[in-house]
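Visitor: File name coords.cif; file contents mmCIF, C-alpha atoms; full text below.
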data_final
loop_
_atom_site.group_PDB
_atom_site.id
_atom_site.type_symbol
_atom_site.label_atom_id
_atom_site.label_comp_id
_atom_site.auth_asym_id
_atom_site.auth_seq_id
_atom_site.Cartn_x
_atom_site.Cartn_y
_atom_site.Cartn_z
ATOM 1 C CA MET S 28 -7.042 -0.724 10.438
ATOM 2 C CA LYS S 29 -9.624 1.374 8.605
ATOM 3 C CA ARG S 30 -12.100 -0.608 6.528
ATOM 4 C CA THR S 31 -14.535 0.734 3.988
ATOM 5 C CA MET S 32 -17.169 -1.220 2.094
ATOM 6 C CA ILE S 33 -16.112 -4.715 3.111
ATOM 7 C CA GLY S 34 -15.841 -3.992 6.815
ATOM 8 C CA SER S 35 -17.067 -6.751 9.066
ATOM 9 C CA LEU S 36 -17.919 -9.023 6.127
ATOM 10 C CA ALA S 37 -14.273 -9.417 5.136
ATOM 11 C CA ALA S 38 -13.160 -9.814 8.726
ATOM 12 C CA ALA S 39 -15.795 -12.472 9.341
ATOM 13 C CA SER S 40 -14.950 -14.280 6.109
ATOM 14 C CA LEU S 41 -11.256 -14.283 6.929
ATOM 15 C CA ALA S 42 -11.832 -15.527 10.463
ATOM 16 C CA LEU S 43 -14.128 -18.290 9.212
ATOM 17 C CA GLY S 44 -11.599 -19.321 6.574
ATOM 18 C CA LEU S 45 -8.763 -19.565 9.068
ATOM 19 C CA ALA S 46 -10.951 -21.529 11.440
ATOM 20 C CA THR S 47 -11.901 -24.184 8.897
ATOM 21 C CA GLY S 48 -8.522 -25.275 7.565
ATOM 22 C CA ALA S 49 -9.585 -28.926 7.637
ATOM 23 C CA MET S 50 -12.337 -28.192 5.129
ATOM 24 C CA ALA S 51 -9.957 -26.264 2.883
ATOM 25 C CA GLN S 52 -8.158 -29.369 1.701
ATOM 26 C CA GLN S 53 -11.248 -30.283 -0.320
ATOM 27 C CA LYS S 54 -10.897 -27.156 -2.452
ATOM 28 C CA ASN S 55 -8.027 -26.506 -4.867
ATOM 29 C CA ILE S 56 -7.319 -22.815 -5.444
ATOM 30 C CA THR S 57 -4.326 -21.147 -7.117
ATOM 31 C CA ILE S 58 -3.525 -17.528 -6.327
ATOM 32 C CA GLY S 59 -0.904 -15.570 -8.231
ATOM 33 C CA VAL S 60 0.930 -12.816 -6.371
ATOM 34 C CA SER S 61 2.737 -10.292 -8.570
ATOM 35 C CA ILE S 62 4.939 -7.725 -6.809
ATOM 36 C CA PRO S 63 7.925 -5.505 -7.623
ATOM 37 C CA ALA S 64 11.413 -6.841 -6.996
ATOM 38 C CA ALA S 65 13.372 -5.557 -3.997
ATOM 39 C CA THR S 66 14.473 -2.343 -5.663
ATOM 40 C CA HIS S 67 14.391 -0.619 -2.287
ATOM 41 C CA GLY S 68 13.788 -1.432 1.365
ATOM 42 C CA TRP S 69 9.996 -1.207 1.380
ATOM 43 C CA THR S 70 9.581 -3.679 -1.472
ATOM 44 C CA ALA S 71 12.077 -6.001 0.227
ATOM 45 C CA GLY S 72 9.680 -5.954 3.163
ATOM 46 C CA VAL S 73 6.763 -6.694 0.809
ATOM 47 C CA ILE S 74 8.554 -9.781 -0.548
ATOM 48 C CA TYR S 75 9.376 -10.967 2.978
ATOM 49 C CA HIS S 76 5.751 -10.734 4.103
ATOM 50 C CA ALA S 77 4.416 -12.275 0.866
ATOM 51 C CA GLU S 78 6.649 -15.338 1.190
ATOM 52 C CA ARG S 79 5.893 -15.656 4.897
ATOM 53 C CA THR S 80 2.133 -15.458 4.279
ATOM 54 C CA LYS S 81 2.384 -17.963 1.419
ATOM 55 C CA ALA S 82 4.037 -20.498 3.737
ATOM 56 C CA LEU S 83 1.511 -19.998 6.532
ATOM 57 C CA LEU S 84 -1.577 -20.187 4.321
ATOM 58 C CA GLU S 85 -0.428 -23.142 2.225
ATOM 59 C CA LYS S 86 0.138 -25.021 5.473
ATOM 60 C CA ALA S 87 -3.338 -24.108 6.734
ATOM 61 C CA TYR S 88 -5.029 -24.906 3.400
ATOM 62 C CA PRO S 89 -3.583 -28.029 1.719
ATOM 63 C CA GLY S 90 -5.579 -27.295 -1.448
ATOM 64 C CA LEU S 91 -4.165 -23.794 -1.773
ATOM 65 C CA LYS S 92 -1.254 -22.868 -4.030
ATOM 66 C CA VAL S 93 0.242 -19.371 -3.875
ATOM 67 C CA LEU S 94 2.627 -18.368 -6.672
ATOM 68 C CA VAL S 95 4.794 -15.355 -5.799
ATOM 69 C CA LYS S 96 6.470 -13.593 -8.736
ATOM 70 C CA THR S 97 8.719 -10.526 -8.451
ATOM 71 C CA SER S 98 9.509 -8.132 -11.298
ATOM 72 C CA PRO S 99 12.188 -5.410 -11.603
ATOM 73 C CA THR S 100 10.256 -3.215 -14.082
ATOM 74 C CA GLY S 101 6.723 -2.538 -15.224
ATOM 75 C CA ALA S 102 7.334 -4.311 -18.524
ATOM 76 C CA ALA S 103 8.719 -7.349 -16.720
ATOM 77 C CA GLN S 104 5.670 -7.392 -14.460
ATOM 78 C CA ALA S 105 3.342 -7.324 -17.469
ATOM 79 C CA ASN S 106 5.164 -10.398 -18.803
ATOM 80 C CA ALA S 107 4.939 -12.052 -15.370
ATOM 81 C CA LEU S 108 1.163 -11.577 -15.441
ATOM 82 C CA GLU S 109 1.003 -13.427 -18.741
ATOM 83 C CA ASP S 110 3.000 -16.286 -17.239
ATOM 84 C CA LEU S 111 0.700 -16.441 -14.216
ATOM 85 C CA THR S 112 -2.461 -16.575 -16.316
ATOM 86 C CA GLN S 113 -1.042 -19.523 -18.249
ATOM 87 C CA GLN S 114 -0.935 -21.376 -14.932
ATOM 88 C CA LYS S 115 -4.727 -20.964 -14.658
ATOM 89 C CA ILE S 116 -4.831 -18.859 -11.514
ATOM 90 C CA ASP S 117 -8.150 -18.349 -9.747
ATOM 91 C CA ALA S 118 -7.100 -15.014 -8.282
ATOM 92 C CA LEU S 119 -4.436 -12.377 -8.750
ATOM 93 C CA VAL S 120 -2.968 -10.265 -5.962
ATOM 94 C CA VAL S 121 -0.986 -7.515 -7.656
ATOM 95 C CA LEU S 122 1.069 -4.615 -6.379
ATOM 96 C CA PRO S 123 1.597 -2.720 -9.663
ATOM 97 C CA PHE S 124 5.079 -1.463 -10.450
ATOM 98 C CA ASN S 125 3.294 1.650 -11.682
ATOM 99 C CA SER S 126 -0.280 2.611 -12.427
ATOM 100 C CA ASP S 127 -0.098 3.493 -16.137
ATOM 101 C CA GLU S 128 1.877 0.508 -17.370
ATOM 102 C CA LEU S 129 -0.034 -2.175 -15.444
ATOM 103 C CA THR S 130 -3.659 -1.096 -15.814
ATOM 104 C CA GLY S 131 -4.024 -2.730 -19.240
ATOM 105 C CA PRO S 132 -2.300 -6.026 -18.369
ATOM 106 C CA VAL S 133 -4.304 -6.432 -15.161
ATOM 107 C CA ALA S 134 -7.504 -5.664 -17.083
ATOM 108 C CA GLN S 135 -6.648 -8.529 -19.448
ATOM 109 C CA VAL S 136 -6.269 -10.876 -16.472
ATOM 110 C CA LYS S 137 -9.643 -9.717 -15.141
ATOM 111 C CA LYS S 138 -11.331 -10.430 -18.488
ATOM 112 C CA GLN S 139 -10.480 -14.099 -18.020
ATOM 113 C CA GLY S 140 -12.746 -14.214 -14.958
ATOM 114 C CA THR S 141 -9.917 -13.954 -12.425
ATOM 115 C CA PHE S 142 -10.611 -12.450 -8.999
ATOM 116 C CA VAL S 143 -8.347 -9.395 -8.687
ATOM 117 C CA THR S 144 -6.942 -7.824 -5.528
ATOM 118 C CA VAL S 145 -4.886 -4.662 -6.098
ATOM 119 C CA VAL S 146 -2.406 -3.539 -3.466
ATOM 120 C CA ASP S 147 -0.941 -0.127 -2.732
ATOM 121 C CA ARG S 148 -0.341 1.461 -6.156
ATOM 122 C CA GLY S 149 -3.839 1.775 -7.562
ATOM 123 C CA LEU S 150 -4.733 1.196 -11.202
ATOM 124 C CA LYS S 151 -5.967 3.940 -13.491
ATOM 125 C CA ASP S 152 -9.313 2.112 -13.663
ATOM 126 C CA PRO S 153 -10.420 0.986 -10.187
ATOM 127 C CA ALA S 154 -13.365 -0.888 -11.725
ATOM 128 C CA ILE S 155 -10.913 -3.671 -12.613
ATOM 129 C CA GLN S 156 -10.342 -4.657 -8.996
ATOM 130 C CA ASP S 157 -12.550 -6.750 -6.726
ATOM 131 C CA VAL S 158 -10.588 -5.767 -3.618
ATOM 132 C CA TYR S 159 -8.186 -2.907 -2.949
ATOM 133 C CA VAL S 160 -5.760 -3.008 -0.010
ATOM 134 C CA ALA S 161 -3.486 -0.079 0.746
ATOM 135 C CA GLY S 162 -2.138 2.264 3.309
ATOM 136 C CA ASN S 163 -4.173 5.397 3.696
ATOM 137 C CA ASN S 164 -2.199 7.583 1.313
ATOM 138 C CA PRO S 165 -4.294 10.739 1.716
ATOM 139 C CA GLU S 166 -3.829 10.366 5.473
ATOM 140 C CA PHE S 167 -0.089 9.731 4.986
ATOM 141 C CA GLY S 168 0.250 13.083 3.240
ATOM 142 C CA ARG S 169 -2.090 14.898 5.603
ATOM 143 C CA VAL S 170 -0.366 13.632 8.764
ATOM 144 C CA SER S 171 3.029 14.636 7.365
ATOM 145 C CA GLY S 172 1.821 18.069 6.336
ATOM 146 C CA GLN S 173 0.094 18.674 9.659
ATOM 147 C CA TYR S 174 3.338 17.862 11.474
ATOM 148 C CA PHE S 175 5.197 20.423 9.372
ATOM 149 C CA LYS S 176 2.461 22.983 9.996
ATOM 150 C CA ASP S 177 2.413 22.388 13.759
ATOM 151 C CA THR S 178 6.169 22.064 14.261
ATOM 152 C CA LEU S 179 7.904 24.151 11.623
ATOM 153 C CA LYS S 180 5.116 26.726 11.314
ATOM 154 C CA THR S 181 7.066 28.792 8.753
ATOM 155 C CA GLY S 182 9.925 28.090 6.382
ATOM 156 C CA ASP S 183 11.018 26.853 2.972
ATOM 157 C CA VAL S 184 10.735 23.120 2.314
ATOM 158 C CA VAL S 185 11.559 20.788 -0.548
ATOM 159 C CA VAL S 186 9.567 17.685 -1.448
ATOM 160 C CA LEU S 187 10.776 14.417 -2.939
ATOM 161 C CA ARG S 188 8.062 12.530 -4.772
ATOM 162 C CA GLY S 189 8.051 8.793 -5.468
ATOM 163 C CA ILE S 190 7.091 7.637 -8.973
ATOM 164 C CA PRO S 191 4.100 8.814 -11.031
ATOM 165 C CA THR S 192 1.303 6.796 -9.438
ATOM 166 C CA VAL S 193 -2.118 7.380 -7.957
ATOM 167 C CA ILE S 194 -0.766 7.001 -4.414
ATOM 168 C CA ASP S 195 2.025 9.516 -4.955
ATOM 169 C CA SER S 196 -0.490 12.097 -6.109
ATOM 170 C CA GLU S 197 -2.721 11.371 -3.119
ATOM 171 C CA ARG S 198 0.201 11.853 -0.738
ATOM 172 C CA VAL S 199 1.484 15.083 -2.270
ATOM 173 C CA ASP S 200 -1.943 16.656 -2.796
ATOM 174 C CA ASN S 201 -2.902 16.077 0.825
ATOM 175 C CA PHE S 202 0.473 17.220 2.160
ATOM 176 C CA GLU S 203 0.066 20.500 0.299
ATOM 177 C CA ALA S 204 -3.535 20.832 1.459
ATOM 178 C CA ALA S 205 -2.432 20.341 5.082
ATOM 179 C CA ILE S 206 0.164 23.137 4.962
ATOM 180 C CA LYS S 207 -2.115 25.515 3.089
ATOM 181 C CA GLY S 208 -2.581 28.779 4.966
ATOM 182 C CA SER S 209 0.600 28.334 6.994
ATOM 183 C CA GLY S 210 3.915 30.089 6.549
ATOM 184 C CA ILE S 211 5.431 26.997 4.926
ATOM 185 C CA ASN S 212 6.441 27.295 1.281
ATOM 186 C CA VAL S 213 7.256 24.359 -0.997
ATOM 187 C CA ILE S 214 10.134 25.806 -3.012
ATOM 188 C CA ASP S 215 10.924 22.700 -5.050
ATOM 189 C CA LYS S 216 9.720 19.145 -5.670
ATOM 190 C CA GLN S 217 10.997 16.362 -7.878
ATOM 191 C CA PHE S 218 10.434 12.651 -8.425
ATOM 192 C CA ALA S 219 13.109 10.423 -6.863
ATOM 193 C CA ASN S 220 11.522 7.041 -7.585
ATOM 194 C CA TRP S 221 11.397 5.870 -3.945
ATOM 195 C CA SER S 222 15.124 5.188 -4.328
ATOM 196 C CA ARG S 223 17.825 6.289 -1.890
ATOM 197 C CA ASP S 224 20.340 6.683 -4.749
ATOM 198 C CA ASP S 225 17.978 8.814 -6.816
ATOM 199 C CA ALA S 226 16.997 10.786 -3.720
ATOM 200 C CA PHE S 227 20.669 11.450 -2.989
ATOM 201 C CA LYS S 228 21.068 12.963 -6.475
ATOM 202 C CA VAL S 229 17.839 14.963 -6.276
ATOM 203 C CA MET S 230 18.820 16.341 -2.879
ATOM 204 C CA GLN S 231 22.225 17.316 -4.237
ATOM 205 C CA ASP S 232 20.401 19.311 -6.927
ATOM 206 C CA PHE S 233 18.176 20.947 -4.314
ATOM 207 C CA LEU S 234 21.191 21.891 -2.200
ATOM 208 C CA ALA S 235 22.960 23.414 -5.194
ATOM 209 C CA LYS S 236 19.891 25.411 -6.247
ATOM 210 C CA HIS S 237 18.717 26.627 -2.845
ATOM 211 C CA LYS S 238 21.014 28.332 -0.358
ATOM 212 C CA LYS S 239 18.445 27.993 2.413
ATOM 213 C CA ILE S 240 16.192 24.996 3.045
ATOM 214 C CA ASP S 241 14.433 24.681 6.386
ATOM 215 C CA ALA S 242 13.121 21.126 6.080
ATOM 216 C CA VAL S 243 12.629 18.185 3.723
ATOM 217 C CA TRP S 244 9.581 16.014 3.199
ATOM 218 C CA ALA S 245 11.088 12.890 1.660
ATOM 219 C CA SER S 246 7.758 11.000 1.764
ATOM 220 C CA ASP S 247 9.575 7.644 1.999
ATOM 221 C CA ASP S 248 12.253 6.213 4.298
ATOM 222 C CA ASP S 249 14.584 4.994 1.569
ATOM 223 C CA MET S 250 14.522 8.441 0.026
ATOM 224 C CA ALA S 251 15.053 10.007 3.451
ATOM 225 C CA ILE S 252 18.285 8.030 3.849
ATOM 226 C CA GLY S 253 19.561 9.390 0.536
ATOM 227 C CA VAL S 254 18.550 12.895 1.559
ATOM 228 C CA LEU S 255 20.350 12.674 4.899
ATOM 229 C CA GLU S 256 23.545 11.480 3.221
ATOM 230 C CA ALA S 257 23.457 14.353 0.725
ATOM 231 C CA ILE S 258 22.994 16.851 3.549
ATOM 232 C CA LYS S 259 25.839 15.270 5.494
ATOM 233 C CA GLN S 260 28.239 15.377 2.550
ATOM 234 C CA ALA S 261 27.321 18.975 1.750
ATOM 235 C CA LYS S 262 27.852 19.933 5.416
ATOM 236 C CA ARG S 263 24.667 21.995 5.397
ATOM 237 C CA ASP S 264 23.396 23.069 8.815
ATOM 238 C CA ASP S 265 20.361 25.109 7.742
ATOM 239 C CA ILE S 266 18.057 22.086 7.424
ATOM 240 C CA LYS S 267 16.181 21.478 10.674
ATOM 241 C CA LEU S 268 14.486 18.154 9.956
ATOM 242 C CA VAL S 269 13.819 15.421 7.410
ATOM 243 C CA VAL S 270 10.548 13.466 7.469
ATOM 244 C CA GLY S 271 10.326 10.219 5.522
ATOM 245 C CA GLY S 272 7.690 7.573 6.028
ATOM 246 C CA ALA S 273 6.839 3.853 6.007
ATOM 247 C CA GLY S 274 8.224 2.737 9.368
ATOM 248 C CA MET S 275 11.637 1.401 8.310
ATOM 249 C CA LYS S 276 13.286 -0.015 11.419
ATOM 250 C CA ASP S 277 16.432 2.124 10.987
ATOM 251 C CA MET S 278 14.366 5.305 10.830
ATOM 252 C CA VAL S 279 12.139 4.310 13.729
ATOM 253 C CA LYS S 280 15.295 3.648 15.763
ATOM 254 C CA ARG S 281 16.432 7.206 15.030
ATOM 255 C CA VAL S 282 13.112 8.461 16.383
ATOM 256 C CA ILE S 283 13.519 6.311 19.519
ATOM 257 C CA ASP S 284 17.032 7.664 20.018
ATOM 258 C CA GLY S 285 15.861 11.261 19.755
ATOM 259 C CA ASP S 286 17.650 12.120 16.496
ATOM 260 C CA LYS S 287 16.925 15.824 15.982
ATOM 261 C CA MET S 288 17.058 15.512 12.204
ATOM 262 C CA VAL S 289 14.561 12.617 12.224
ATOM 263 C CA PRO S 290 12.079 13.488 14.981
ATOM 264 C CA VAL S 291 9.107 11.545 13.559
ATOM 265 C CA ASN S 292 8.022 8.998 10.981
ATOM 266 C CA VAL S 293 4.700 8.082 9.370
ATOM 267 C CA LEU S 294 3.625 4.443 9.147
ATOM 268 C CA TYR S 295 3.046 2.710 5.805
ATOM 269 C CA PRO S 296 3.660 -1.010 6.460
ATOM 270 C CA PRO S 297 4.840 -3.420 3.745
ATOM 271 C CA ALA S 298 2.902 -6.116 5.641
ATOM 272 C CA MET S 299 -0.207 -4.864 3.834
ATOM 273 C CA ILE S 300 0.590 -7.528 1.206
ATOM 274 C CA ALA S 301 -0.156 -10.153 3.864
ATOM 275 C CA THR S 302 -3.567 -8.582 4.474
ATOM 276 C CA ALA S 303 -4.255 -8.614 0.738
ATOM 277 C CA ILE S 304 -3.394 -12.294 0.343
ATOM 278 C CA GLN S 305 -5.381 -13.254 3.442
ATOM 279 C CA VAL S 306 -8.481 -11.369 2.291
ATOM 280 C CA THR S 307 -8.212 -12.980 -1.146
ATOM 281 C CA VAL S 308 -7.989 -16.425 0.441
ATOM 282 C CA ALA S 309 -11.019 -15.568 2.573
ATOM 283 C CA HIS S 310 -13.029 -14.934 -0.598
ATOM 284 C CA PHE S 311 -12.555 -18.569 -1.626
ATOM 285 C CA TYR S 312 -12.549 -20.321 1.735
ATOM 286 C CA GLY S 313 -14.581 -18.049 3.982
ATOM 287 C CA GLY S 314 -18.048 -19.009 2.839
ATOM 288 C CA ALA S 315 -19.010 -15.518 1.645
ATOM 289 C CA PRO S 316 -17.830 -13.287 -1.212
ATOM 290 C CA VAL S 317 -15.436 -10.468 -0.380
ATOM 291 C CA ARG S 318 -15.453 -7.141 -2.217
ATOM 292 C CA GLY S 319 -14.376 -3.585 -1.488
ATOM 293 C CA THR S 320 -11.526 -1.662 0.103
ATOM 294 C CA TYR S 321 -9.184 -2.057 3.047
ATOM 295 C CA LEU S 322 -7.302 1.055 4.137
ATOM 296 C CA ILE S 323 -4.561 0.741 6.757
ATOM 297 C CA SER S 324 -4.087 3.905 8.794
ATOM 298 C CA SER S 325 -0.899 5.992 8.813
ATOM 299 C CA PRO S 326 -0.289 7.224 12.374
ATOM 300 C CA LEU S 327 2.481 9.641 13.274
ATOM 301 C CA ILE S 328 5.382 7.784 14.901
ATOM 302 C CA THR S 329 6.946 9.898 17.640
ATOM 303 C CA GLN S 330 9.492 9.233 20.365
ATOM 304 C CA ALA S 331 6.572 8.583 22.718
ATOM 305 C CA ASN S 332 5.130 5.678 20.699
ATOM 306 C CA ALA S 333 8.020 4.578 18.435
ATOM 307 C CA LYS S 334 8.763 1.373 20.358
ATOM 308 C CA GLU S 335 5.328 0.079 19.309
ATOM 309 C CA TYR S 336 6.457 0.203 15.678
ATOM 310 C CA TYR S 337 10.042 -1.007 16.043
ATOM 311 C CA TYR S 338 10.720 -4.530 14.765
ATOM 312 C CA PRO S 339 14.494 -5.158 14.876
ATOM 313 C CA ASP S 340 14.209 -8.607 13.227
ATOM 314 C CA SER S 341 12.312 -7.312 10.215
ATOM 315 C CA PRO S 342 14.145 -6.900 6.877
ATOM 316 C CA PHE S 343 12.678 -3.394 6.693
#
Translate this file's structure into structure tokens.

Guide:
Amino acid sequence: MKRTMIGSLAAASLALGLATGAMAQQKNITIGVSIPAATHGWTAGVIYHAERTKALLEKAYPGLKVLVKTSPTGAAQANALEDLTQQKIDALVVLPFNSDELTGPVAQVKKQGTFVTVVDRGLKDPAIQDVYVAGNNPEFGRVSGQYFKDTLKTGDVVVLRGIPTVIDSERVDNFEAAIKGSGINVIDKQFANWSRDDAFKVMQDFLAKHKKIDAVWASDDDMAIGVLEAIKQAKRDDIKLVVGGAGMKDMVKRVIDGDKMVPVNVLYPPAMIATAIQVTVAHFYGGAPVRGTYLISSPLITQANAKEYYYPDSPF
């Protein structure tokens, strides 16, 4: 894990908090956790890890209450934040449905003196947050782009974007920077909302528009599944490879099995929500304030190391 700003302070606070569970029962803290509903596999994994972490921490800290709320849309999440604040939360851990729609509502929560930890999809105003926990999105894009540059070397590629968020821009900007100067050309890119169904439709459009596509950067495993199905139904054999990302167990298994269309993956673990909740708890129980940024690295998953990232019992 890469850490900036909080570094050893957060780690020490967290370790101290976990080591003094007996003392925790003297302190009553309520933490609200607001996350998107399971609209695709990655967010299903987020919910799994949030609920699991809630159970573990509430057991360790009898005075701790963790309220997990899921929302299917940005508007619904804004309403959920209002509901959480009415329950007098001491801290909010929020994975915004999108950056634009949630920046204002989270700012209103912050104005009430609530400690705010933002996860993954950054807000338009980072000054709102006390802690930020995310995968390393610039690295995610760079690692993907470098793989295309090293492996494909030349060719025409299409790119599927997620939804308009800070992290999507970081991924795409760094992917394009990594392939700059190579013989790789991005001939099309569209948003597919990190959805396999939307990605299927977008890929169908790409296939209809472009008679030759050498590779696809899907930038997400759910979208990669939709892409692969569209290619299969179209019976196109010009596409050499599809690269997604996140570490979905089904995609990692393809890498392990040597699937030529899915030779690699890039890690972006939904378990980062667990880190966010733990760090937030450490702020209250660790004996020292926690501030700053946690960035979780995004290594390239290859056939040589894929077994290290394969969790068959995981929901994602």

Visitor: Taking all atoms listed in the file into account, which of S:Ala245, S:Ile190, S:Ala105, S:Leu84 comes nearest S:Gly168?

Guide: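 The closest residue to S:Gly168 is S:Ala245.
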
Visitor: I need the residue nearest S:Lys280 from this list: S:Tyr321, S:Phe227, S:Phe175, S:Tyr337. Use all atoms listed in the file for the distance.

Guide: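 For S:Lys280, the nearest of the candidates is S:Tyr337.
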
Visitor: What's around S:Arg148 at 8 Å? Count all atoms listed in the file, leave out sequence neighbours fewer than 5 positions away in its own chain, and write the answer as a PyMOL selection string.

Guide: chain S and resi 122-126+161+192-194

Visitor: For stretch 268-278 of chain S, work out the shell of residues within 7 Å, counting only C-alpha atoms and skipping chain neighbours fewer than 6 positions away, then give it as a ChimeraX atom specification.

Guide: /S:242-248,251,287-289,291-296,337-339,343

Visitor: Residues picked by the PyMOL selection byres ((chain S and resi 229) around 10) here, as a list in words?

Guide: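 Expected selection for the PyMOL selection byres ((chain S and resi 229) around 10) here is Val186, Leu187, Lys216, Gln217, Phe218, Ala219, Arg223, Asp224, Asp225, Ala226, Phe227, Lys228, Met230, Gln231, Asp232, Phe233, Leu234, Ala235, Met250, Gly253, Val254 and Ala257 of chain S.
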
Visitor: Please determine, counting all atoms listed in the file, which residue among S:Val93, S:Gln139, S:Ala261, S:Ile300 has the shortest atom-to-atom distance to S:Ile62.

Guide: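 Ranking S:Val93, S:Gln139, S:Ala261, S:Ile300 by distance to S:Ile62, first place goes to S:Ile300.
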
Visitor: Run the PyMOL selection byres ((chain S and resi 196-211) around 9) mentally over the shown coordinates, then write out the matched residues as a ChimeraX atom specification, using the chain letters and numbers from the document.

Guide: /S:163-176,179-184,186,188,191-195,212-213,246

Visitor: Which is closest to S:Ala154 among S:Arg318, S:His76, S:Lys238, S:Lys334, if we use all atoms listed in the file?

Guide: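 With all atoms listed in the file as the atom set, the closest residue is S:Arg318.
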